[in-house]
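Visitor: Coordinates in protein14.cif, mmCIF, C-alpha atoms, are listed below.
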```cif
data_entry
loop_
_atom_site.group_PDB
_atom_site.id
_atom_site.type_symbol
_atom_site.label_atom_id
_atom_site.label_comp_id
_atom_site.auth_asym_id
_atom_site.auth_seq_id
_atom_site.Cartn_x
_atom_site.Cartn_y
_atom_site.Cartn_z
ATOM 1 C CA MET A 1 85.751 27.657 13.766
ATOM 2 C CA ARG A 2 86.789 28.523 17.277
ATOM 3 C CA SER A 3 86.823 24.873 18.354
ATOM 4 C CA VAL A 4 88.989 24.008 15.344
ATOM 5 C CA MET A 5 91.522 26.654 16.356
ATOM 6 C CA ILE A 6 91.538 25.394 19.945
ATOM 7 C CA THR A 7 92.068 21.826 18.739
ATOM 8 C CA LEU A 8 94.902 22.882 16.431
ATOM 9 C CA ALA A 9 96.523 24.840 19.253
ATOM 10 C CA GLY A 10 96.315 21.741 21.461
ATOM 11 C CA PHE A 11 97.994 19.630 18.779
ATOM 12 C CA ALA A 12 100.704 22.248 18.359
ATOM 13 C CA LEU A 13 101.411 22.315 22.087
ATOM 14 C CA THR A 14 101.465 18.522 22.284
ATOM 15 C CA SER A 15 103.846 18.320 19.318
ATOM 16 C CA ALA A 16 106.143 20.949 20.807
ATOM 17 C CA SER A 17 106.154 19.103 24.124
ATOM 18 C CA LEU A 18 106.927 15.773 22.435
ATOM 19 C CA CYS A 19 109.751 17.356 20.425
ATOM 20 C CA ALA A 20 111.261 18.879 23.563
ATOM 21 C CA GLN A 21 111.040 15.576 25.421
ATOM 22 C CA ALA A 22 112.384 13.609 22.452
ATOM 23 C CA ARG A 23 115.715 15.376 22.893
ATOM 24 C CA ASP A 24 116.047 13.508 26.196
ATOM 25 C CA ILE A 25 115.957 10.127 24.456
ATOM 26 C CA ARG A 26 119.159 8.154 24.030
ATOM 27 C CA PRO A 27 120.523 7.991 20.478
ATOM 28 C CA ASP A 28 120.111 4.180 20.498
ATOM 29 C CA ASP A 29 116.410 4.539 21.304
ATOM 30 C CA ARG A 30 115.956 7.185 18.611
ATOM 31 C CA PHE A 31 117.700 4.887 16.095
ATOM 32 C CA MET A 32 115.477 1.954 17.074
ATOM 33 C CA CYS A 33 112.314 4.063 16.689
ATOM 34 C CA SER A 34 113.435 5.418 13.325
ATOM 35 C CA TRP A 35 114.455 1.985 12.050
ATOM 36 C CA GLY A 36 111.190 0.424 13.253
ATOM 37 C CA ALA A 37 109.151 3.193 11.649
ATOM 38 C CA GLY A 38 110.916 2.629 8.334
ATOM 39 C CA THR A 39 110.313 -1.112 8.619
ATOM 40 C CA ALA A 40 106.601 -0.568 9.313
ATOM 41 C CA ALA A 41 106.313 1.822 6.350
ATOM 42 C CA ARG A 42 107.989 -0.701 4.014
ATOM 43 C CA ALA A 43 105.696 -3.464 5.280
ATOM 44 C CA GLN A 44 102.677 -1.229 4.626
ATOM 45 C CA GLU A 45 103.940 -0.556 1.087
ATOM 46 C CA LEU A 46 104.177 -4.310 0.480
ATOM 47 C CA LYS A 47 100.730 -4.929 1.953
ATOM 48 C CA LEU A 48 99.092 -2.188 -0.122
ATOM 49 C CA SER A 49 100.778 -3.438 -3.291
ATOM 50 C CA GLY A 50 99.267 -6.898 -2.814
ATOM 51 C CA VAL A 51 102.374 -8.794 -1.671
ATOM 52 C CA SER A 52 101.464 -11.728 0.567
ATOM 53 C CA ARG A 53 102.523 -11.902 4.207
ATOM 54 C CA TYR A 54 104.576 -15.006 3.373
ATOM 55 C CA ALA A 55 106.424 -13.261 0.513
ATOM 56 C CA ALA A 56 107.109 -10.244 2.776
ATOM 57 C CA ALA A 57 108.544 -12.529 5.468
ATOM 58 C CA GLN A 58 110.684 -14.333 2.882
ATOM 59 C CA LYS A 59 112.015 -10.971 1.677
ATOM 60 C CA ILE A 60 113.009 -10.074 5.251
ATOM 61 C CA GLN A 61 114.818 -13.408 5.642
ATOM 62 C CA THR A 62 117.101 -12.519 2.701
ATOM 63 C CA LEU A 63 118.147 -9.148 4.158
ATOM 64 C CA LYS A 64 121.344 -8.580 6.100
ATOM 65 C CA PHE A 65 120.962 -6.778 9.433
ATOM 66 C CA SER A 66 123.615 -4.936 11.414
ATOM 67 C CA LYS A 67 122.243 -5.904 14.832
ATOM 68 C CA SER A 68 121.099 -9.304 16.082
ATOM 69 C CA TRP A 69 117.657 -8.094 17.228
ATOM 70 C CA MET A 70 116.708 -6.551 13.892
ATOM 71 C CA ARG A 71 115.585 -9.675 11.981
ATOM 72 C CA SER A 72 113.073 -10.854 14.598
ATOM 73 C CA MET A 73 111.886 -7.285 15.159
ATOM 74 C CA ALA A 74 111.410 -6.754 11.395
ATOM 75 C CA LEU A 75 109.418 -9.987 11.159
ATOM 76 C CA GLY A 76 107.244 -8.955 14.117
ATOM 77 C CA ILE A 77 106.614 -5.466 12.768
ATOM 78 C CA THR A 78 105.738 -6.891 9.359
ATOM 79 C CA GLU A 79 103.371 -9.439 10.887
ATOM 80 C CA GLN A 80 101.622 -6.749 12.938
ATOM 81 C CA THR A 81 101.363 -4.505 9.882
ATOM 82 C CA PHE A 82 99.796 -7.260 7.793
ATOM 83 C CA ASP A 83 97.408 -8.126 10.667
ATOM 84 C CA SER A 84 96.170 -4.545 10.770
ATOM 85 C CA ALA A 85 93.151 -3.610 8.670
ATOM 86 C CA SER A 86 94.711 -0.190 8.069
ATOM 87 C CA ARG A 87 94.910 1.057 4.500
ATOM 88 C CA ALA A 88 96.837 4.178 5.557
ATOM 89 C CA LYS A 89 99.636 5.480 3.390
ATOM 90 C CA PRO A 90 103.110 4.275 4.352
ATOM 91 C CA VAL A 91 104.181 7.773 5.436
ATOM 92 C CA VAL A 92 101.287 7.852 7.930
ATOM 93 C CA VAL A 93 102.294 4.422 9.249
ATOM 94 C CA HIS A 94 105.903 5.642 9.560
ATOM 95 C CA ASP A 95 104.955 8.771 11.484
ATOM 96 C CA THR A 96 102.476 6.958 13.732
ATOM 97 C CA PHE A 97 104.977 4.223 14.570
ATOM 98 C CA TYR A 98 107.775 6.722 15.262
ATOM 99 C CA ASP A 99 105.608 8.957 17.461
ATOM 100 C CA GLY A 100 104.257 5.961 19.382
ATOM 101 C CA CYS A 101 107.736 4.522 19.871
ATOM 102 C CA ILE A 102 109.152 7.839 21.130
ATOM 103 C CA HIS A 103 106.174 8.233 23.453
ATOM 104 C CA TYR A 104 106.710 4.688 24.786
ATOM 105 C CA ARG A 105 110.451 5.232 25.322
ATOM 106 C CA LEU A 106 109.755 8.496 27.188
ATOM 107 C CA ALA A 107 107.117 6.845 29.396
ATOM 108 C CA ARG A 108 109.434 3.919 30.104
ATOM 109 C CA LYS A 109 112.277 6.297 30.945
ATOM 110 C CA GLU A 110 110.047 8.178 33.389
ATOM 111 C CA ALA A 111 108.876 4.918 34.995
ATOM 112 C CA VAL A 112 112.475 3.739 35.490
ATOM 113 C CA THR A 113 113.891 7.051 36.712
ATOM 114 C CA PRO A 114 113.250 7.320 40.455
ATOM 115 C CA ALA A 115 111.569 10.502 41.585
ATOM 116 C CA PRO A 116 113.623 12.674 43.945
ATOM 117 C CA ARG A 117 112.783 12.071 47.584
ATOM 118 C CA GLN A 118 110.896 14.845 49.231
ATOM 119 C CA SER A 119 112.079 15.983 52.612
ATOM 120 C CA THR A 120 109.432 15.777 55.326
ATOM 121 C CA GLY A 121 111.261 18.204 57.522
ATOM 122 C CA HIS A 122 111.816 15.606 60.244
ATOM 123 C CA SER A 123 115.248 14.588 61.358
ATOM 124 C CA HIS A 124 115.815 10.844 61.752
ATOM 125 C CA THR A 125 118.996 10.781 63.804
#
```
What do you get writing this file as structure tokens?
Guide:
Amino acid sequence: MRSVMITLAGFALTSASLCAQARDIRPDDRFMCSWGAGTAARAQELKLSGVSRYAAAQKIQTLKFSKSWMRSMALGITEQTFDSASRAKPVVVHDTFYDGCIHYRLARKEAVTPAPRQSTGHSHT
């Protein structure tokens, strides 16, 4: 029982940390993660209902998208979803995709943001 409580506390701290960091994400990145998560959840719904990969791709081709990158991204997400052996519920796929996307955007942001230079105490004049 004690180990379960410790594990749950660890998850709570990780979730709180992710939520705090997620506020630092640009609105465009948050939109992309949310849109992608919804796309993955819809693809999972289609897969679980027995729709073929081809029919899912054809359905995507008929949709109108507000941004030029969305169609190819939707096709890629759908393909990856159909390739997966996962039988998880669409809400689980949505949450997993969103959390992974936010985590990726945060890691990428940290990799791009240069760390402040530390002073060595030496004067170079």
Visitor: In Å, with one decimal, what is the gap from CA of Ala37 in chain A to CA of Arg71 in chain A?
Guide: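 So the answer is 14.4 Å.
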Visitor: Please expand the PyMOL selection byres ((chain A and resi 72-76) around 10) into the concrete residues it hits in this file, giving the result as a VMD selection string.
Guide: chain A and resid 35 to 36 38 to 40 43 53 56 to 61 65 68 to 71 77 to 82
Visitor: Take CA of Arg30 in chain A and CA of Ala55 in chain A and report the distance between them in Å, one decimal.
Guide: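 For CA of Arg30 in chain A relative to CA of Ala55 in chain A, the distance reads 28.9 Å.
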Visitor: Which centre and edge lengths in Å to one decimal define the box along x, y and z that fits every listed atom of range 71-76 of chain A plus 8 Å per side, as JSON?
Guide:
```
{"center_x": 111.4, "center_y": -8.8, "center_z": 13.2, "size_x": 24.3, "size_y": 20.1, "size_z": 20.0}
```
Visitor: I'd like the neighbourhood of Arg105 in chain A as a compact mmCIF listing (two decimals) with C-alpha atoms, keeping the file's coordinate frame, where a residue qualifies if any of its atoms comes within 9 Å (using only C-alpha atoms), though same-chain residues fewer than 5 positions away should be ignored.
Guide:
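This is the output file result_2.txt:
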```txt
# COMPACT_ATOMS: atom_id res chain seq x y z
CA ILE A 25 115.96 10.13 24.46
CA ASP A 29 116.41 4.54 21.30
CA ARG A 30 115.96 7.18 18.61
CA CYS A 33 112.31 4.06 16.69
CA GLY A 100 104.26 5.96 19.38
CA GLU A 110 110.05 8.18 33.39
```
Visitor: Excluding same-chain residues fewer than 6 positions from Ala41 in chain A, what lies within 7 Å of it counting all atoms listed in the file, as a PDB file with C-alpha atoms, keeping the file's coordinate frame?
Guide:
```
ATOM      1  CA  PRO A  90     103.110   4.275   4.352  1.00  0.00           C
ATOM      2  CA  VAL A  91     104.181   7.773   5.436  1.00  0.00           C
ATOM      3  CA  VAL A  93     102.294   4.422   9.249  1.00  0.00           C
ATOM      4  CA  HIS A  94     105.903   5.642   9.560  1.00  0.00           C
TER       5      HIS A  94
END
```
Visitor: Kindly give the distance, in Å, that separates CA of Ser86 in chain A and CA of Lys64 in chain A, rounded to a single decimal.
Guide: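 CA of Lys64 in chain A lies at a distance of 28.0 Å from CA of Ser86 in chain A.
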Visitor: List as a ChimeraX atom specification the protein and nucleic acid residues near Val92 in chain A, meaning an atom at most 10 Å away when only C-alpha atoms are counted, but skip any in the same chain fewer than 4 places from it.
Guide: /A:37,41,44,87-88,96-98
